[in-house]
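Enquirer: Sending over a structure as structure tokens; questions will come in a sec.
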Amino acid sequence: MGVSPTQVLEALKSVVDPNLGKDVVRLNLIRRLNVGDERISFEIVLRDPTTDFASECKRLCEEAIRDAGITLPVNIEVDSEMISLGDDLQVDGGAAGPVLGGGVVNTIAVASGKGGVGKSTVAVNLAVALAAEGYDVGLVDTDIYGPSIPTMLGVRDARPRVDDDRKIIPVESYGVKLLSMGFLVDENKAVIWRGPMVTSAIRQFLGETSWGDLDFLVLDLPPGTGDIQLTIVQTVSLSGAVIVSTPQEVALADARKGVAMFQQVNVPVLGIVENMAYFSPPDAPEKKYHLFGEGGARRLADQLEIPFLGEIPIVQQICEHCDAGTPVAATLRDEPIGEAFGLLARNVVKSVELRNADLDPTQKVEILHR
Ligand code: ADP
């Protein structure tokens with residue numbers, strides 16, 4: 001049996017930087033992972049090469065792989081990248097392109113080709129499920145025309161404060177640090193905003209927020225694949241995008257456009273989630289009624305050769321809990337619907353880890369300027 005990249009990454013998760021309390025995979029230190037039939041090679045990109053951990057890291061990684069029963073020869077190169085994990089997210093719209101500082105390890109956009117497919121619902125519950133898995137998570141609701149996420153997280157009336165450095169402190173709910181355009185913009189005035197105003201406001205708010213250290217910053221994009229979405233995508237260096245679709249043909253056609261948009265700007269697509277995949281009556285949970293067709297998103301993922309991240313059924317509780325501000329990913333964590341979001345979160349993490357380990361350390365997501 002050959003060894004898979006996932007097995008190697010799982011083994012490396014036992015190597016923890018004691019200064020940061022996080023493992024080398026979570027910190028995105030493993031790059032250019034290549035698992036062949038005859039050897040394993042990768043680079044460790046250290047953030048601070050001066051620590052004791054840095055000098056031990058290579059040996060610890062070799063040991064971890066051996067301890068996992070993997071016997072292939074291992075070739076590790078050590079490099080360093082001077083990013084302090086205490087830095088805040090830097091957004092710089094200058095000619096050199098946007099820069100993402102070191103405090104935020106991964107930035108994930110949640111997108112859909114079409115409105116009403118449950119993109120915000122998935123973004124919120126994904127963020128909450130990631131937090132429940134123990135990750136440090138931020139969430140940005142970029143929809144200024146109809147921001148719904150503060151309601152979904154039960155913080156509709158909250159207002160973020162500003163710290164001594166005049167940075168915005170996100171509002172925290174269910175372990176997620178939230179920044180919503182809804183906190184900052186008067187909804188009635190926002191409707192007359194034009195695209196460039198929206199994107200410059202988002203750019204500014206992202207860069208002027210004190211996120212601290214985050215494993216994942218989830219961006220809920222407005223629905224569609226137009227100019228606003230493209231500009232937001234180009235504002236931060238994204239680790240990747242999660243596309244939400246329903247099984248309907250019309251939604252799948254738009255999801256395909258969404259995938260194409262990200263691929264055009266070289267943002268990796270982490271996978272597709274099928275929302276409203278089927279309906280199970282509360283009194284017969286073993287039955288699955290595929291109201292909008294069966295398996296469409298999985299087939300699309302196969303065709304486009306991108307991961308299928310999971311399916312979320314139509315469940316009345318999702319809707320009710322969204323309205324009540326008590327997301328099911330936290331409040332019904334041990335029930336099937338909460339578990340579906342937990343599984344989605346774990347699949348997203350896996351996809352991000354593989355994507356990170358696959359990339360050349362010097363390779364940045366290419367940003368096109370318009
Ligand atoms: P979008 O962000 O794509 O416009 P929303 O997340 O706002 O969509 O969801 C639209 C509506 O559908 C909301 O009322 C939400 O509660 C409901 N909804 C979304 N996903 C589900 C689901 N899987 N089961 C039941 N209701 C859902």
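Letters for chains follow the order of the structure tokens (A, B, ...), residue numbers begin at 1 for each chain, and ligand numbers begin at 1 in the order shown.
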With only C-alpha atoms as the counted atoms, please give the residues lying no more than 7 Å from region 134-147 of chain A, apart from itself and same-chain residues fewer than 4 positions off, as a VMD selection string.
Expert: chain A and resid 127 130 176 to 182 187 190 to 191 202 214 to 222
Enquirer: May I have the residues from that selection written out with C-alpha atoms, as an mmCIF file, in the first residue's frame?
Expert:
data_model
loop_
_atom_site.group_PDB
_atom_site.id
_atom_site.type_symbol
_atom_site.label_atom_id
_atom_site.label_comp_id
_atom_site.auth_asym_id
_atom_site.auth_seq_id
_atom_site.Cartn_x
_atom_site.Cartn_y
_atom_site.Cartn_z
ATOM 1 C CA ALA A 127 -17.365 28.987 10.862
ATOM 2 C CA LEU A 130 -14.620 25.074 12.803
ATOM 3 C CA VAL A 176 -16.375 33.125 16.073
ATOM 4 C CA LYS A 177 -15.018 36.666 15.670
ATOM 5 C CA LEU A 178 -17.500 38.391 13.433
ATOM 6 C CA LEU A 179 -17.277 41.514 11.355
ATOM 7 C CA SER A 180 -20.345 42.373 9.354
ATOM 8 C CA MET A 181 -20.880 45.247 7.032
ATOM 9 C CA GLY A 182 -24.258 45.334 8.765
ATOM 10 C CA GLU A 187 -28.826 49.391 5.676
ATOM 11 C CA ALA A 190 -26.246 51.088 1.745
ATOM 12 C CA VAL A 191 -28.758 50.241 -0.945
ATOM 13 C CA ILE A 202 -14.635 46.082 2.638
ATOM 14 C CA LEU A 214 -6.750 33.052 13.384
ATOM 15 C CA ASP A 215 -6.534 29.609 11.831
ATOM 16 C CA PHE A 216 -9.363 30.476 9.454
ATOM 17 C CA LEU A 217 -10.920 33.704 8.296
ATOM 18 C CA VAL A 218 -14.143 32.866 6.455
ATOM 19 C CA LEU A 219 -15.460 35.447 4.008
ATOM 20 C CA ASP A 220 -19.118 35.190 3.076
ATOM 21 C CA LEU A 221 -19.216 36.698 -0.409
ATOM 22 C CA PRO A 222 -22.329 38.285 -1.893
#
Enquirer: Among region 104-325 of chain A, which ones does DSSP place in helix (DSSP H, G or I), written as a VMD selection string?
Expert: chain A and resid 119 to 132 149 to 152 181 to 184 187 to 190 195 to 207 227 to 235 249 to 264 296 to 304 316 to 324
Enquirer: Hey, which of A:Val236, A:Val250, A:Val122, A:Ala54 ends up closest to Glu311 (chain A)? Count only C-alpha atoms.
Expert: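 Using only C-alpha atoms, Glu311 (chain A) sits closest to A:Val122.
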Enquirer: Give the residue list for ligand 1 at 8 Å, counting only C-alpha atoms and all ligand atoms, as a PyMOL selection string, sorted by chain and then by residue number.
Expert: chain A and resi 112+114-123+148+222-223+244+275-277+312-323
Enquirer: Generate the output file for the selected residues, C-alpha atoms, as a short mmCIF file (atom, residue, chain, number, x, y, z; two decimals), in the first residue's frame.
Expert:
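Result file again35.cif:
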data_model
loop_
_atom_site.label_atom_id
_atom_site.label_comp_id
_atom_site.auth_asym_id
_atom_site.auth_seq_id
_atom_site.Cartn_x
_atom_site.Cartn_y
_atom_site.Cartn_z
CA SER A 112 -22.36 30.72 -4.72
CA LYS A 114 -26.81 32.11 -7.33
CA GLY A 115 -28.67 33.74 -4.43
CA GLY A 116 -30.90 31.83 -2.03
CA VAL A 117 -28.98 28.55 -2.07
CA GLY A 118 -28.04 28.92 1.60
CA LYS A 119 -24.57 30.38 1.16
CA SER A 120 -24.74 32.52 4.31
CA THR A 121 -26.26 29.66 6.28
CA VAL A 122 -23.38 27.42 5.23
CA ALA A 123 -20.76 30.14 5.89
CA SER A 148 -27.98 38.46 7.59
CA PRO A 222 -22.33 38.28 -1.89
CA PRO A 223 -24.15 35.85 -4.24
CA VAL A 244 -22.29 26.31 -2.25
CA ASN A 275 -27.02 22.41 0.40
CA MET A 276 -30.69 21.36 0.55
CA ALA A 277 -29.46 18.00 -0.76
CA ILE A 312 -26.51 19.38 4.03
CA PRO A 313 -30.14 18.26 4.12
CA ILE A 314 -33.19 20.51 4.16
CA VAL A 315 -34.10 20.69 7.80
CA GLN A 316 -36.58 23.04 9.34
CA GLN A 317 -34.33 23.46 12.38
CA ILE A 318 -31.67 25.12 10.21
CA CYS A 319 -34.06 27.86 9.24
CA GLU A 320 -35.53 28.26 12.73
CA HIS A 321 -32.14 28.33 14.40
CA CYS A 322 -30.85 30.87 11.86
CA ASP A 323 -33.74 33.18 12.65
#
Enquirer: Do you know which residues are at most 7 Å from Ala329 (chain A) counting only C-alpha atoms, after dropping those on the same chain fewer than 3 positions away, and could you put them as a list in words?
Expert: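 In the requested form, the answer reads Asn125, Val128, Ala129, Leu332, Arg333, Gly338, Phe341 and Gly342 of chain A.
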Enquirer: Skip region 286-293 of chain A itself and residues of its chain fewer than 6 positions away, then list as a list in words all residues within 9 Å of it, counting only C-alpha atoms.
Expert: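 My reading of the contact set: Thr246, Pro247, Gln248, Glu249, Met276, Ala277, Tyr278, Phe279, Ser280 and Pro313 of chain A.
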Enquirer: Which residues are near Ile306 (chain A)? Cut-off 9 Å, only C-alpha atoms, ignore same chain within fewer than 4 positions. Put them as a PyMOL selection string.
Expert: chain A and resi 269-272+300-302
Enquirer: Name the residues in contact with Ser14 (chain A) at a cut-off of 8 Å, using only C-alpha atoms, excluding same-chain residues fewer than 3 positions from it; report them as a PyMOL selection string.
Expert: chain A and resi 10-11+23+64
Enquirer: Let's have the selection written as a CSV table (one decimal), in the first residue's frame, with N, CA, C and O atoms.
Expert:
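Output contents, as saved in part-v6.csv:
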chain,number,residue,atom,x,y,z
A,10,GLU,N,-1.3,13.9,8.6
A,10,GLU,CA,-1.8,13.4,9.9
A,10,GLU,C,-0.7,13.2,10.9
A,10,GLU,O,-0.7,13.5,12.1
A,11,ALA,N,0.4,12.5,10.4
A,11,ALA,CA,1.5,12.2,11.2
A,11,ALA,C,2.2,13.5,11.7
A,11,ALA,O,2.5,13.6,12.9
A,23,ASP,N,0.0,22.9,16.0
A,23,ASP,CA,0.9,22.0,15.2
A,23,ASP,C,1.4,22.6,13.9
A,23,ASP,O,0.8,23.6,13.4
A,64,ALA,N,8.1,11.9,13.8
A,64,ALA,CA,6.6,11.8,13.8
A,64,ALA,C,6.2,10.9,12.6
A,64,ALA,O,5.3,10.0,12.7
Enquirer: For CA of Arg355 (chain A) and CA of Ile70 (chain A), determine how far apart the two atoms are, in Å to one decimal place.
Expert: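 Distance reported for this atom pair: 21.6 Å.
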Enquirer: Can you tell me, as a list in words, which residues in region 250-350 of chain A count as strand (DSSP E or B) by DSSP?
Expert: Val269, Leu270, Gly271, Ile272, Val273, Glu274, Asn275, Met276, Ala277, Tyr278, Phe279, Tyr289, Phe308, Leu309, Gly310, Glu311, Ile312, Pro313 and Ile314 of chain A
